[in-house]
Every structure is written in C-alpha cells, then in structure tokens.
file target.cif (mmCIF, C-alpha atoms and all ligand atoms; chains and numbers go by the auth columns)
data_model
#
loop_
_atom_site.group_PDB
_atom_site.id
_atom_site.type_symbol
_atom_site.label_atom_id
_atom_site.label_comp_id
_atom_site.label_asym_id
_atom_site.label_seq_id
_atom_site.Cartn_x
_atom_site.Cartn_y
_atom_site.Cartn_z
_atom_site.B_iso_or_equiv
_atom_site.auth_seq_id
_atom_site.auth_asym_id
ATOM 1 C CA MET A 1 0.000 0.000 0.000 0.00 466 A
ATOM 2 C CA THR A 2 1.336 3.418 -0.950 0.00 467 A
ATOM 3 C CA ALA A 3 -0.987 5.920 0.655 0.00 468 A
ATOM 4 C CA ARG A 4 -0.024 9.577 0.509 0.00 469 A
ATOM 5 C CA ILE A 5 -0.825 11.920 3.388 0.00 470 A
ATOM 6 C CA ARG A 6 -1.429 15.616 2.836 0.00 471 A
ATOM 7 C CA THR A 7 -3.085 18.565 4.530 0.00 472 A
ATOM 8 C CA ILE A 8 -6.325 19.678 2.948 0.00 473 A
ATOM 9 C CA ASP A 9 -7.065 23.380 2.767 0.00 474 A
ATOM 10 C CA LEU A 10 -10.334 25.039 1.861 0.00 475 A
ATOM 11 C CA ASP A 11 -9.543 25.026 -1.862 0.00 476 A
ATOM 12 C CA ARG A 12 -9.220 21.219 -1.940 0.00 477 A
ATOM 13 C CA PHE A 13 -11.944 20.450 0.581 0.00 478 A
ATOM 14 C CA ALA A 14 -14.847 20.132 -1.876 0.00 479 A
ATOM 15 C CA GLU A 15 -13.060 17.526 -3.993 0.00 480 A
ATOM 16 C CA CYS A 16 -12.342 15.410 -0.890 0.00 481 A
ATOM 17 C CA LEU A 17 -15.820 15.742 0.617 0.00 482 A
ATOM 18 C CA PRO A 18 -17.414 12.636 -0.990 0.00 483 A
ATOM 19 C CA GLY A 19 -14.422 10.488 0.006 0.00 484 A
ATOM 20 C CA LEU A 20 -14.417 11.873 3.535 0.00 485 A
ATOM 21 C CA ALA A 21 -18.129 11.134 3.890 0.00 486 A
ATOM 22 C CA ASP A 22 -17.524 7.543 2.700 0.00 487 A
ATOM 23 C CA LEU A 23 -14.636 7.193 5.159 0.00 488 A
ATOM 24 C CA LEU A 24 -16.797 8.301 8.081 0.00 489 A
ATOM 25 C CA ILE A 25 -19.604 5.919 7.077 0.00 490 A
ATOM 26 C CA ASP A 26 -17.077 3.077 6.742 0.00 491 A
ATOM 27 C CA ALA A 27 -15.655 3.797 10.210 0.00 492 A
ATOM 28 C CA VAL A 28 -19.094 3.986 11.837 0.00 493 A
ATOM 29 C CA ASP A 29 -20.149 0.772 10.071 0.00 494 A
ATOM 30 C CA SER A 30 -17.033 -0.941 11.426 0.00 495 A
ATOM 31 C CA GLY A 31 -18.160 -0.163 14.975 0.00 496 A
ATOM 32 C CA ALA A 32 -15.906 2.814 15.663 0.00 497 A
ATOM 33 C CA SER A 33 -17.008 5.052 18.499 0.00 498 A
ATOM 34 C CA ILE A 34 -16.665 8.404 16.794 0.00 499 A
ATOM 35 C CA GLY A 35 -19.877 10.111 17.735 0.00 500 A
ATOM 36 C CA PHE A 36 -22.407 8.372 15.472 0.00 501 A
ATOM 37 C CA TRP A 37 -24.560 5.270 15.428 0.00 502 A
ATOM 38 C CA ALA A 38 -24.597 2.888 12.463 0.00 503 A
ATOM 39 C CA PRO A 39 -25.972 3.092 9.894 0.00 504 A
ATOM 40 C CA LEU A 40 -24.894 6.666 9.283 0.00 505 A
ATOM 41 C CA ALA A 41 -26.913 8.381 6.544 0.00 506 A
ATOM 42 C CA PRO A 42 -24.757 9.884 3.765 0.00 507 A
ATOM 43 C CA ALA A 43 -26.445 13.271 4.279 0.00 508 A
ATOM 44 C CA ASP A 44 -25.466 13.238 7.979 0.00 509 A
ATOM 45 C CA ALA A 45 -21.893 12.313 7.068 0.00 510 A
ATOM 46 C CA VAL A 46 -21.707 15.260 4.672 0.00 511 A
ATOM 47 C CA LEU A 47 -23.220 17.519 7.341 0.00 512 A
ATOM 48 C CA TYR A 48 -20.510 16.470 9.782 0.00 513 A
ATOM 49 C CA TRP A 49 -17.734 17.282 7.290 0.00 514 A
ATOM 50 C CA ARG A 50 -19.307 20.648 6.575 0.00 515 A
ATOM 51 C CA GLU A 51 -18.923 21.433 10.295 0.00 516 A
ATOM 52 C CA VAL A 52 -15.277 20.435 9.969 0.00 517 A
ATOM 53 C CA MET A 53 -14.984 22.762 6.979 0.00 518 A
ATOM 54 C CA GLN A 54 -16.051 25.638 9.233 0.00 519 A
ATOM 55 C CA GLY A 55 -12.909 24.956 11.280 0.00 520 A
ATOM 56 C CA LEU A 56 -10.872 25.407 8.106 0.00 521 A
ATOM 57 C CA VAL A 57 -12.708 28.678 7.431 0.00 522 A
ATOM 58 C CA ASP A 58 -12.034 29.850 10.999 0.00 523 A
ATOM 59 C CA GLY A 59 -8.408 28.741 10.765 0.00 524 A
ATOM 60 C CA ASN A 60 -8.492 26.705 13.969 0.00 525 A
ATOM 61 C CA LEU A 61 -8.372 23.248 12.399 0.00 526 A
ATOM 62 C CA VAL A 62 -5.844 21.252 10.401 0.00 527 A
ATOM 63 C CA LEU A 63 -7.250 18.428 8.290 0.00 528 A
ATOM 64 C CA LEU A 64 -4.985 15.610 7.127 0.00 529 A
ATOM 65 C CA VAL A 65 -6.118 13.068 4.563 0.00 530 A
ATOM 66 C CA ALA A 66 -4.509 9.826 3.399 0.00 531 A
ATOM 67 C CA GLU A 67 -5.192 8.842 -0.206 0.00 532 A
ATOM 68 C CA ASP A 68 -4.475 5.623 -2.027 0.00 533 A
ATOM 69 C CA ALA A 69 -4.986 5.553 -5.817 0.00 534 A
ATOM 70 C CA GLY A 70 -7.087 8.712 -5.564 0.00 535 A
ATOM 71 C CA GLU A 71 -9.354 7.293 -2.848 0.00 536 A
ATOM 72 C CA VAL A 72 -9.616 8.790 0.645 0.00 537 A
ATOM 73 C CA VAL A 73 -8.497 5.967 2.959 0.00 538 A
ATOM 74 C CA GLY A 74 -7.766 7.804 6.191 0.00 539 A
ATOM 75 C CA SER A 75 -7.960 11.088 7.996 0.00 540 A
ATOM 76 C CA VAL A 76 -7.156 12.906 11.218 0.00 541 A
ATOM 77 C CA GLN A 77 -7.805 16.405 12.506 0.00 542 A
ATOM 78 C CA LEU A 78 -5.899 18.773 14.718 0.00 543 A
ATOM 79 C CA LEU A 79 -8.088 21.267 16.570 0.00 544 A
ATOM 80 C CA LEU A 80 -5.993 24.257 17.630 0.00 545 A
ATOM 81 C CA SER A 81 -6.960 25.822 20.939 0.00 546 A
ATOM 82 C CA GLY A 82 -7.825 29.487 20.533 0.00 547 A
ATOM 83 C CA ARG A 83 -7.617 30.294 24.243 0.00 548 A
ATOM 84 C CA GLN A 84 -5.074 32.859 25.390 0.00 549 A
ATOM 85 C CA ASN A 85 -3.652 30.311 27.800 0.00 550 A
ATOM 86 C CA GLY A 86 -3.834 27.472 25.284 0.00 551 A
ATOM 87 C CA HIS A 87 -1.731 28.503 22.328 0.00 552 A
ATOM 88 C CA HIS A 88 0.508 25.527 23.017 0.00 553 A
ATOM 89 C CA ARG A 89 -2.378 23.025 22.932 0.00 554 A
ATOM 90 C CA ALA A 90 -4.197 21.069 20.243 0.00 555 A
ATOM 91 C CA GLU A 91 -6.673 18.212 20.219 0.00 556 A
ATOM 92 C CA ILE A 92 -6.270 15.183 17.983 0.00 557 A
ATOM 93 C CA ARG A 93 -9.682 14.322 16.571 0.00 558 A
ATOM 94 C CA LYS A 94 -11.262 11.548 14.530 0.00 559 A
ATOM 95 C CA LEU A 95 -8.271 9.461 13.559 0.00 560 A
ATOM 96 C CA MET A 96 -9.794 7.043 11.038 0.00 561 A
ATOM 97 C CA VAL A 97 -8.442 4.510 8.585 0.00 562 A
ATOM 98 C CA ARG A 98 -10.665 2.735 6.085 0.00 563 A
ATOM 99 C CA ASN A 99 -11.427 -0.785 7.260 0.00 564 A
ATOM 100 C CA SER A 100 -9.826 -2.258 4.116 0.00 565 A
ATOM 101 C CA HIS A 101 -6.572 -0.378 4.819 0.00 566 A
ATOM 102 C CA ARG A 102 -6.122 -1.033 8.541 0.00 567 A
ATOM 103 C CA GLY A 103 -3.186 -2.882 10.047 0.00 568 A
ATOM 104 C CA HIS A 104 -0.588 -1.524 7.617 0.00 569 A
ATOM 105 C CA GLY A 105 0.754 1.390 9.645 0.00 570 A
ATOM 106 C CA LEU A 106 -1.473 4.085 8.177 0.00 571 A
ATOM 107 C CA GLY A 107 -3.024 5.069 11.532 0.00 572 A
ATOM 108 C CA ARG A 108 0.467 5.503 12.945 0.00 573 A
ATOM 109 C CA ALA A 109 1.560 7.477 9.867 0.00 574 A
ATOM 110 C CA LEU A 110 -1.449 9.812 10.108 0.00 575 A
ATOM 111 C CA LEU A 111 -0.793 10.442 13.797 0.00 576 A
ATOM 112 C CA SER A 112 2.899 11.115 13.073 0.00 577 A
ATOM 113 C CA ALA A 113 1.896 13.574 10.344 0.00 578 A
ATOM 114 C CA ALA A 114 -0.461 15.298 12.802 0.00 579 A
ATOM 115 C CA HIS A 115 2.460 15.583 15.237 0.00 580 A
ATOM 116 C CA VAL A 116 4.566 17.275 12.560 0.00 581 A
ATOM 117 C CA GLU A 117 1.740 19.742 11.833 0.00 582 A
ATOM 118 C CA ALA A 118 1.279 20.410 15.557 0.00 583 A
ATOM 119 C CA SER A 119 4.998 21.001 16.067 0.00 584 A
ATOM 120 C CA TYR A 120 5.121 23.340 13.090 0.00 585 A
ATOM 121 C CA ARG A 121 2.377 25.420 14.730 0.00 586 A
ATOM 122 C CA GLY A 122 4.042 25.444 18.159 0.00 587 A
ATOM 123 C CA ARG A 123 1.391 23.104 19.604 0.00 588 A
ATOM 124 C CA THR A 124 3.384 20.861 21.893 0.00 589 A
ATOM 125 C CA LEU A 125 0.668 19.620 24.241 0.00 590 A
ATOM 126 C CA LEU A 126 -1.684 17.204 22.499 0.00 591 A
ATOM 127 C CA ILE A 127 -4.869 15.791 23.985 0.00 592 A
ATOM 128 C CA LEU A 128 -7.395 13.239 22.734 0.00 593 A
ATOM 129 C CA ASP A 129 -10.046 10.831 23.873 0.00 594 A
ATOM 130 C CA THR A 130 -11.031 7.384 22.676 0.00 595 A
ATOM 131 C CA ARG A 131 -13.388 4.606 23.739 0.00 596 A
ATOM 132 C CA THR A 132 -11.744 2.560 26.456 0.00 597 A
ATOM 133 C CA GLY A 133 -10.361 -0.706 25.086 0.00 598 A
ATOM 134 C CA ASP A 134 -10.454 0.292 21.399 0.00 599 A
ATOM 135 C CA ALA A 135 -7.549 -0.247 18.986 0.00 600 A
ATOM 136 C CA GLY A 136 -6.701 3.455 19.225 0.00 601 A
ATOM 137 C CA GLU A 137 -5.578 3.084 22.833 0.00 602 A
ATOM 138 C CA ARG A 138 -2.671 0.803 21.939 0.00 603 A
ATOM 139 C CA LEU A 139 -1.668 3.065 19.105 0.00 604 A
ATOM 140 C CA TYR A 140 -1.671 6.169 21.302 0.00 605 A
ATOM 141 C CA VAL A 141 0.316 4.518 24.086 0.00 606 A
ATOM 142 C CA SER A 142 2.856 3.204 21.581 0.00 607 A
ATOM 143 C CA MET A 143 3.204 6.763 20.230 0.00 608 A
ATOM 144 C CA GLY A 144 4.088 8.140 23.671 0.00 609 A
ATOM 145 C CA TYR A 145 0.661 9.213 24.944 0.00 610 A
ATOM 146 C CA SER A 146 -0.133 8.998 28.664 0.00 611 A
ATOM 147 C CA ARG A 147 -3.541 8.024 29.943 0.00 612 A
ATOM 148 C CA ALA A 148 -4.977 10.814 32.095 0.00 613 A
ATOM 149 C CA GLY A 149 -8.053 8.889 33.196 0.00 614 A
ATOM 150 C CA GLU A 150 -11.408 7.475 32.223 0.00 615 A
ATOM 151 C CA ILE A 151 -14.994 8.671 32.395 0.00 616 A
ATOM 152 C CA PRO A 152 -17.250 5.615 32.691 0.00 617 A
ATOM 153 C CA GLY A 153 -20.507 5.551 30.723 0.00 618 A
ATOM 154 C CA PHE A 154 -19.479 8.447 28.488 0.00 619 A
ATOM 155 C CA THR A 155 -21.129 7.109 25.324 0.00 620 A
ATOM 156 C CA ILE A 156 -24.459 5.396 24.829 0.00 621 A
ATOM 157 C CA GLU A 157 -25.452 2.871 22.148 0.00 622 A
ATOM 158 C CA PRO A 158 -28.892 2.397 20.557 0.00 623 A
ATOM 159 C CA ASP A 159 -29.490 -0.596 22.873 0.00 624 A
ATOM 160 C CA GLY A 160 -28.720 1.548 25.920 0.00 625 A
ATOM 161 C CA ALA A 161 -25.242 0.074 26.540 0.00 626 A
ATOM 162 C CA ARG A 162 -22.790 2.643 27.871 0.00 627 A
ATOM 163 C CA HIS A 163 -19.027 2.759 27.329 0.00 628 A
ATOM 164 C CA GLY A 164 -16.194 4.500 29.094 0.00 629 A
ATOM 165 C CA VAL A 165 -13.931 6.962 27.348 0.00 630 A
ATOM 166 C CA SER A 166 -10.246 7.354 28.137 0.00 631 A
ATOM 167 C CA PHE A 167 -8.419 10.661 27.914 0.00 632 A
ATOM 168 C CA PHE A 168 -4.804 10.831 26.770 0.00 633 A
ATOM 169 C CA TYR A 169 -2.154 13.541 26.492 0.00 634 A
ATOM 170 C CA HIS A 170 1.263 13.772 24.903 0.00 635 A
ATOM 171 C CA VAL A 171 3.978 16.417 25.103 0.00 636 A
ATOM 172 C CA LEU A 172 5.943 16.769 21.885 0.00 637 A
ATOM 173 C CA PRO A 173 9.683 17.283 22.258 0.00 638 A
HETATM 174 C C1 LIG B . -7.426 3.094 15.312 0.00 701 B
HETATM 175 C C2 LIG B . -7.100 3.041 13.828 0.00 701 B
HETATM 176 C C3 LIG B . -7.014 4.473 13.293 0.00 701 B
HETATM 177 C C4 LIG B . -5.757 2.328 13.623 0.00 701 B
HETATM 178 O O1 LIG B . -5.429 2.409 12.236 0.00 701 B
HETATM 179 P P1 LIG B . -4.432 1.337 11.561 0.00 701 B
HETATM 180 O O2 LIG B . -4.001 1.901 10.257 0.00 701 B
HETATM 181 O O3 LIG B . -5.045 0.002 11.546 0.00 701 B
HETATM 182 O O4 LIG B . -3.244 1.367 12.611 0.00 701 B
HETATM 183 P P2 LIG B . -1.739 0.897 12.365 0.00 701 B
HETATM 184 O O5 LIG B . -1.701 -0.191 11.360 0.00 701 B
HETATM 185 O O6 LIG B . -0.918 2.114 12.124 0.00 701 B
HETATM 186 O O7 LIG B . -1.376 0.267 13.777 0.00 701 B
HETATM 187 C C5 LIG B . -0.791 1.050 14.768 0.00 701 B
HETATM 188 C C6 LIG B . -0.984 0.422 16.127 0.00 701 B
HETATM 189 O O8 LIG B . -2.362 0.481 16.496 0.00 701 B
HETATM 190 C C7 LIG B . -2.676 -0.659 17.320 0.00 701 B
HETATM 191 N N1 LIG B . -3.717 -1.410 16.638 0.00 701 B
HETATM 192 C C8 LIG B . -4.094 -1.330 15.348 0.00 701 B
HETATM 193 N N2 LIG B . -5.116 -2.157 15.107 0.00 701 B
HETATM 194 C C9 LIG B . -5.390 -2.776 16.270 0.00 701 B
HETATM 195 C C10 LIG B . -6.357 -3.727 16.684 0.00 701 B
HETATM 196 N N3 LIG B . -7.268 -4.223 15.840 0.00 701 B
HETATM 197 N N4 LIG B . -6.361 -4.103 17.980 0.00 701 B
HETATM 198 C C11 LIG B . -5.488 -3.598 18.855 0.00 701 B
HETATM 199 N N5 LIG B . -4.527 -2.696 18.521 0.00 701 B
HETATM 200 C C12 LIG B . -4.493 -2.293 17.255 0.00 701 B
HETATM 201 C C13 LIG B . -1.390 -1.443 17.441 0.00 701 B
HETATM 202 O O9 LIG B . -0.706 -0.992 18.596 0.00 701 B
HETATM 203 C C14 LIG B . -0.637 -1.047 16.194 0.00 701 B
HETATM 204 O O10 LIG B . 0.746 -1.163 16.329 0.00 701 B
HETATM 205 P P3 LIG B . 1.475 -2.549 15.949 0.00 701 B
HETATM 206 O O11 LIG B . 0.997 -2.905 14.573 0.00 701 B
HETATM 207 O O12 LIG B . 2.921 -2.178 16.002 0.00 701 B
HETATM 208 O O13 LIG B . 1.043 -3.514 16.996 0.00 701 B
HETATM 209 C C15 LIG B . -8.186 2.230 13.040 0.00 701 B
HETATM 210 O O14 LIG B . -8.379 0.988 13.685 0.00 701 B
HETATM 211 C C16 LIG B . -9.513 2.930 12.921 0.00 701 B
HETATM 212 O O15 LIG B . -9.738 3.733 12.018 0.00 701 B
HETATM 213 N N6 LIG B . -10.459 2.640 13.836 0.00 701 B
HETATM 214 C C17 LIG B . -11.777 3.244 13.772 0.00 701 B
HETATM 215 C C18 LIG B . -11.771 4.694 14.231 0.00 701 B
HETATM 216 C C19 LIG B . -11.250 4.831 15.646 0.00 701 B
HETATM 217 O O16 LIG B . -11.625 4.085 16.543 0.00 701 B
HETATM 218 N N7 LIG B . -10.374 5.834 15.846 0.00 701 B
HETATM 219 C C20 LIG B . -9.711 6.103 17.107 0.00 701 B
HETATM 220 C C21 LIG B . -10.489 6.888 18.057 0.00 701 B
HETATM 221 S S1 LIG B . -10.989 8.464 17.506 0.00 701 B
#
call {"tool": "encode", "arguments": {"input": "target.cif", "output": "structure tokens"}}
result
Amino acid sequence: MTARIRTIDLDRFAECLPGLADLLIDAVDSGASIGFWAPLAPADAVLYWREVMQGLVDGNLVLLVAEDAGEVVGSVQLLLSGRQNGHHRAEIRKLMVRNSHRGHGLGRALLSAAHVEASYRGRTLLILDTRTGDAGERLYVSMGYSRAGEIPGFTIEPDGARHGVSFFYHVLP
C-alpha cells in the first residue's frame, strides 16, 4: 500500500468531501465510536464534514487526509486551541483509517503527520479521547501518549449500553 498523506485546505476540501463522507460511514459501520450510530446516513456524514470545513474557514483546524490511488483511505484532525492560555495546545480528533486499509501502519503514519503539523504550529501539548479498550488506545500509548483517566458511561449505544472513554495527552519534544 502506498498511501499519501497531505493537509487539505479550503480550496481542496470540496473535492475530498465525498471520500471523507464515505470514510466516516465506513468507520461507523465498522463499529468505531466516533460520535455516530450505524448506519450513518450519507447526508449526515456530509453535514458532519461541513462542520469540519467551518474549522478550516475559521483557521483553527488542520485536516490531514490519506489517499491511495485517488481514494480517501484515512484522515485525522488537529483542533488548535484558541484560548489565550492554550496557544501551546491542540486536540487530535477523529483518527480514522478505512477498514480495508487497517493494520498496515497508516493510523500511525497519520498520527505522526499530525504531530509534525502540531509542532510546526508550536502546539506541543496534544490531547485526545477514545473509547476505552479500542484499537486506538494501543496506538496512542505506543506513540508516547499517557492516559490521564477514564470517564465511565461516556457514550451510549442504541441498545442503551454505555461505554467509558479514556483521555490521553502527549507532550511533543
Ligand atoms: C485506530 C485506527 C485508526 C488504527 O489504524 P491502523 O491503520 O489500523 O493502525 P496501524 O496499522 O498504524 O497500527 C498502529 C498500532 O495500532 C494498534 N492497533 C491497530 N489495530 C489494532 C487492533 N485491531 N487491535 C489492537 N490494537 C491495534 C497497534 O498498537 C498497532 O501497532 P502494531 O501494529 O505495532 O502492533 C483504526 O483501527 C480505525 O480507524 N479505527 C476506527 C476509528 C477509531 O476508533 N479511531 C480512534 C479513536 S478516535
């Protein structure tokens, strides 16, 4: 697999939108806990990405996309804190790799690319959250993240089942 990772600015956003919507639907279908219940309607997926686009308009979000043969196969976002006391902070959001492309190092590569973007912007304290026990946890720990704690019952499924969410942080050198 030879996926290429690049930052997407406003000019390129529209051309990536259909692929990003498909990626989100694929992740939700695979059982990922990223804010939505399966099945996710295409219109809702597009709506979500339009909210992300607003971050690009406001200049407080960095969007990274991985493409393989012209297809969007992964993505991650960096939300830059706009607080006066938070100019050194950013949140890693919605790290996703297409189900068909998982297990080949792309998640790790996307996170590394997000670290480079964060560093470039002087954001050295990174925070994120993920469902406790999910694949992401191992990835984050192996990339130097520390677990700050867990909130039990943070998310709720259609059948009423609740899941804990773990919070992580990482200080870039
Ligand atoms: C989490 C996710 C991004 C990993 O992407 P990936 O491309 O498969 O990850 P990589 O191949 O780079 O693997 C990196 C590390 O992640 C961990 N990992 C990946 N898949 C895993 C799995 N199924 N179970 C446990 N750990 C796993 C491992 O530590 C792995 O390192 P190793 O291969 O050296 O053991 C992907 O599974 C995904 O998109 N999940 C759905 C969305 C999600 O839950 N995102 C995270 C929370 S927002």
call {"tool": "residues_near_point", "arguments": {"input": "target.cif", "point": "(5.5, 16.5, 28.8)", "cutoff": "12 Å", "atoms": "only C-alpha atoms", "output": "list of chain:residue names"}}
result
A:His553, A:Arg554, A:Thr589, A:Leu590, A:Leu591, A:Ile592, A:Gly609, A:Tyr610, A:Ser611, A:Phe633, A:Tyr634, A:His635, A:Val636, A:Leu637, A:Pro638
call {"tool": "residues_around", "arguments": {"input": "target.cif", "residues": "range 492-498 of chain A", "least_positions_apart": "4", "cutoff": "9 Å", "atoms": "only C-alpha atoms", "output": "JSON, numbers by chain"}}
result
{"A": [487, 488, 502, 503, 504, 505, 561, 562, 563, 564, 595, 596, 599, 620]}
call {"tool": "residues_around", "arguments": {"input": "target.cif", "residues": "Gly484 in chain A", "least_positions_apart": "4", "cutoff": "9 Å", "atoms": "all atoms listed in the file", "output": "mmCIF file with C-alpha atoms, in the coordinates of the input"}}
result
data_model
loop_
_atom_site.group_PDB
_atom_site.id
_atom_site.type_symbol
_atom_site.label_atom_id
_atom_site.label_comp_id
_atom_site.auth_asym_id
_atom_site.auth_seq_id
_atom_site.Cartn_x
_atom_site.Cartn_y
_atom_site.Cartn_z
ATOM 1 C CA GLU A 480 -13.060 17.526 -3.993
ATOM 2 C CA LEU A 488 -14.636 7.193 5.159
ATOM 3 C CA LEU A 489 -16.797 8.301 8.081
ATOM 4 C CA GLU A 536 -9.354 7.293 -2.848
ATOM 5 C CA VAL A 537 -9.616 8.790 0.645
ATOM 6 C CA VAL A 538 -8.497 5.967 2.959
#
call {"tool": "atom_distance", "arguments": {"input": "target.cif", "atom1": "CA of Gly547 in chain A", "atom2": "CA of Tyr605 in chain A"}}
result
24.1 Å
call {"tool": "resolve_selection", "arguments": {"input": "target.cif", "expression": "the PyMOL selection byres (((chain A and resi 526) around 7) and not hetatm)", "output": "list in words"}}
result
Gly520, Leu521, Gly524, Asn525, Val527, Leu528, Gln542, Leu543, Leu544 and Leu545 of chain A
call {"tool": "residues_near_ligand", "arguments": {"input": "target.cif", "ligand": "ligand LIG 701 (chain B)", "cutoff": "6 Å", "atoms": "only C-alpha atoms and all ligand atoms", "output": "PyMOL selection string"}}
result
chain A and resi 492+497-499+559-562+567-573+595+600-601+603-604
call {"tool": "resolve_selection", "arguments": {"input": "target.cif", "expression": "the PyMOL selection byres (((chain A and resi 617) around 12) and not hetatm)", "output": "JSON list (two decimals) with C-alpha atoms, in the coordinates of the input"}}
result
[["chain", "number", "residue", "atom", "x", "y", "z"],
["A", 595, "THR", "CA", -11.03, 7.38, 22.68],
["A", 596, "ARG", "CA", -13.39, 4.61, 23.74],
["A", 597, "THR", "CA", -11.74, 2.56, 26.46],
["A", 614, "GLY", "CA", -8.05, 8.89, 33.20],
["A", 615, "GLU", "CA", -11.41, 7.48, 32.22],
["A", 616, "ILE", "CA", -14.99, 8.67, 32.40],
["A", 618, "GLY", "CA", -20.51, 5.55, 30.72],
["A", 619, "PHE", "CA", -19.48, 8.45, 28.49],
["A", 620, "THR", "CA", -21.13, 7.11, 25.32],
["A", 621, "ILE", "CA", -24.46, 5.40, 24.83],
["A", 626, "ALA", "CA", -25.24, 0.07, 26.54],
["A", 627, "ARG", "CA", -22.79, 2.64, 27.87],
["A", 628, "HIS", "CA", -19.03, 2.76, 27.33],
["A", 629, "GLY", "CA", -16.19, 4.50, 29.09],
["A", 630, "VAL", "CA", -13.93, 6.96, 27.35],
["A", 631, "SER", "CA", -10.25, 7.35, 28.14],
["A", 632, "PHE", "CA", -8.42, 10.66, 27.91]]
call {"tool": "axis_aligned_box", "arguments": {"input": "target.cif", "around": "range 512-526 of chain A", "padding_each_side": "6 Å", "output": "JSON"}}
result
{"center_x": -15.8, "center_y": 23.2, "center_z": 10.3, "size_x": 26.8, "size_y": 25.4, "size_z": 19.4}
call {"tool": "closest_residue", "arguments": {"input": "target.cif", "among": "A:Ile490, A:Leu575, A:Asp523, A:Asp476", "to": "Ala506 in chain A", "atoms": "only C-alpha atoms"}}
result
A:Ile490
call {"tool": "atom_distance", "arguments": {"input": "target.cif", "atom1": "CA of Ser584 in chain A", "atom2": "CA of Glu556 in chain A"}}
result
12.7 Å
call {"tool": "closest_residue", "arguments": {"input": "target.cif", "among": "A:Val517, A:His566, A:Ser577, A:Asn550", "to": "Arg471 in chain A", "atoms": "only C-alpha atoms"}}
result
A:Ser577
call {"tool": "resolve_selection", "arguments": {"input": "target.cif", "expression": "the PyMOL selection byres (((chain A and resi 512-516) around 10) and not hetatm)", "output": "PDB file with C-alpha atoms, in the coordinates of the input"}}
result
ATOM      1  CA  PHE A 478     -11.944  20.450   0.581  1.00  0.00           C
ATOM      2  CA  ALA A 479     -14.847  20.132  -1.876  1.00  0.00           C
ATOM      3  CA  CYS A 481     -12.342  15.410  -0.890  1.00  0.00           C
ATOM      4  CA  LEU A 482     -15.820  15.742   0.617  1.00  0.00           C
ATOM      5  CA  PRO A 483     -17.414  12.636  -0.990  1.00  0.00           C
ATOM      6  CA  LEU A 485     -14.417  11.873   3.535  1.00  0.00           C
ATOM      7  CA  ALA A 486     -18.129  11.134   3.890  1.00  0.00           C
ATOM      8  CA  LEU A 489     -16.797   8.301   8.081  1.00  0.00           C
ATOM      9  CA  ALA A 506     -26.913   8.381   6.544  1.00  0.00           C
ATOM     10  CA  PRO A 507     -24.757   9.884   3.765  1.00  0.00           C
ATOM     11  CA  ALA A 508     -26.445  13.271   4.279  1.00  0.00           C
ATOM     12  CA  ASP A 509     -25.466  13.238   7.979  1.00  0.00           C
ATOM     13  CA  ALA A 510     -21.893  12.313   7.068  1.00  0.00           C
ATOM     14  CA  VAL A 511     -21.707  15.260   4.672  1.00  0.00           C
ATOM     15  CA  VAL A 517     -15.277  20.435   9.969  1.00  0.00           C
ATOM     16  CA  MET A 518     -14.984  22.762   6.979  1.00  0.00           C
ATOM     17  CA  GLN A 519     -16.051  25.638   9.233  1.00  0.00           C
ATOM     18  CA  GLY A 520     -12.909  24.956  11.280  1.00  0.00           C
ATOM     19  CA  LEU A 521     -10.872  25.407   8.106  1.00  0.00           C
ATOM     20  CA  VAL A 522     -12.708  28.678   7.431  1.00  0.00           C
TER      21      VAL A 522
END
call {"tool": "closest_residue", "arguments": {"input": "target.cif", "among": "A:Ala578, A:Ala583, A:Ala534, A:Met608", "to": "His552 in chain A", "atoms": "all atoms listed in the file"}}
result
A:Ala583
call {"tool": "decode", "arguments": {"input": "target.cif", "residues": "range 594-634 of chain A", "atoms": "C-alpha atoms", "output": "mmCIF file, in the first residue's frame"}}
result
data_model
loop_
_atom_site.group_PDB
_atom_site.id
_atom_site.type_symbol
_atom_site.label_atom_id
_atom_site.label_comp_id
_atom_site.auth_asym_id
_atom_site.auth_seq_id
_atom_site.Cartn_x
_atom_site.Cartn_y
_atom_site.Cartn_z
ATOM 1 C CA ASP A 594 -10.046 10.831 23.873
ATOM 2 C CA THR A 595 -11.031 7.384 22.676
ATOM 3 C CA ARG A 596 -13.388 4.606 23.739
ATOM 4 C CA THR A 597 -11.744 2.560 26.456
ATOM 5 C CA GLY A 598 -10.361 -0.706 25.086
ATOM 6 C CA ASP A 599 -10.454 0.292 21.399
ATOM 7 C CA ALA A 600 -7.549 -0.247 18.986
ATOM 8 C CA GLY A 601 -6.701 3.455 19.225
ATOM 9 C CA GLU A 602 -5.578 3.084 22.833
ATOM 10 C CA ARG A 603 -2.671 0.803 21.939
ATOM 11 C CA LEU A 604 -1.668 3.065 19.105
ATOM 12 C CA TYR A 605 -1.671 6.169 21.302
ATOM 13 C CA VAL A 606 0.316 4.518 24.086
ATOM 14 C CA SER A 607 2.856 3.204 21.581
ATOM 15 C CA MET A 608 3.204 6.763 20.230
ATOM 16 C CA GLY A 609 4.088 8.140 23.671
ATOM 17 C CA TYR A 610 0.661 9.213 24.944
ATOM 18 C CA SER A 611 -0.133 8.998 28.664
ATOM 19 C CA ARG A 612 -3.541 8.024 29.943
ATOM 20 C CA ALA A 613 -4.977 10.814 32.095
ATOM 21 C CA GLY A 614 -8.053 8.889 33.196
ATOM 22 C CA GLU A 615 -11.408 7.475 32.223
ATOM 23 C CA ILE A 616 -14.994 8.671 32.395
ATOM 24 C CA PRO A 617 -17.250 5.615 32.691
ATOM 25 C CA GLY A 618 -20.507 5.551 30.723
ATOM 26 C CA PHE A 619 -19.479 8.447 28.488
ATOM 27 C CA THR A 620 -21.129 7.109 25.324
ATOM 28 C CA ILE A 621 -24.459 5.396 24.829
ATOM 29 C CA GLU A 622 -25.452 2.871 22.148
ATOM 30 C CA PRO A 623 -28.892 2.397 20.557
ATOM 31 C CA ASP A 624 -29.490 -0.596 22.873
ATOM 32 C CA GLY A 625 -28.720 1.548 25.920
ATOM 33 C CA ALA A 626 -25.242 0.074 26.540
ATOM 34 C CA ARG A 627 -22.790 2.643 27.871
ATOM 35 C CA HIS A 628 -19.027 2.759 27.329
ATOM 36 C CA GLY A 629 -16.194 4.500 29.094
ATOM 37 C CA VAL A 630 -13.931 6.962 27.348
ATOM 38 C CA SER A 631 -10.246 7.354 28.137
ATOM 39 C CA PHE A 632 -8.419 10.661 27.914
ATOM 40 C CA PHE A 633 -4.804 10.831 26.770
ATOM 41 C CA TYR A 634 -2.154 13.541 26.492
#
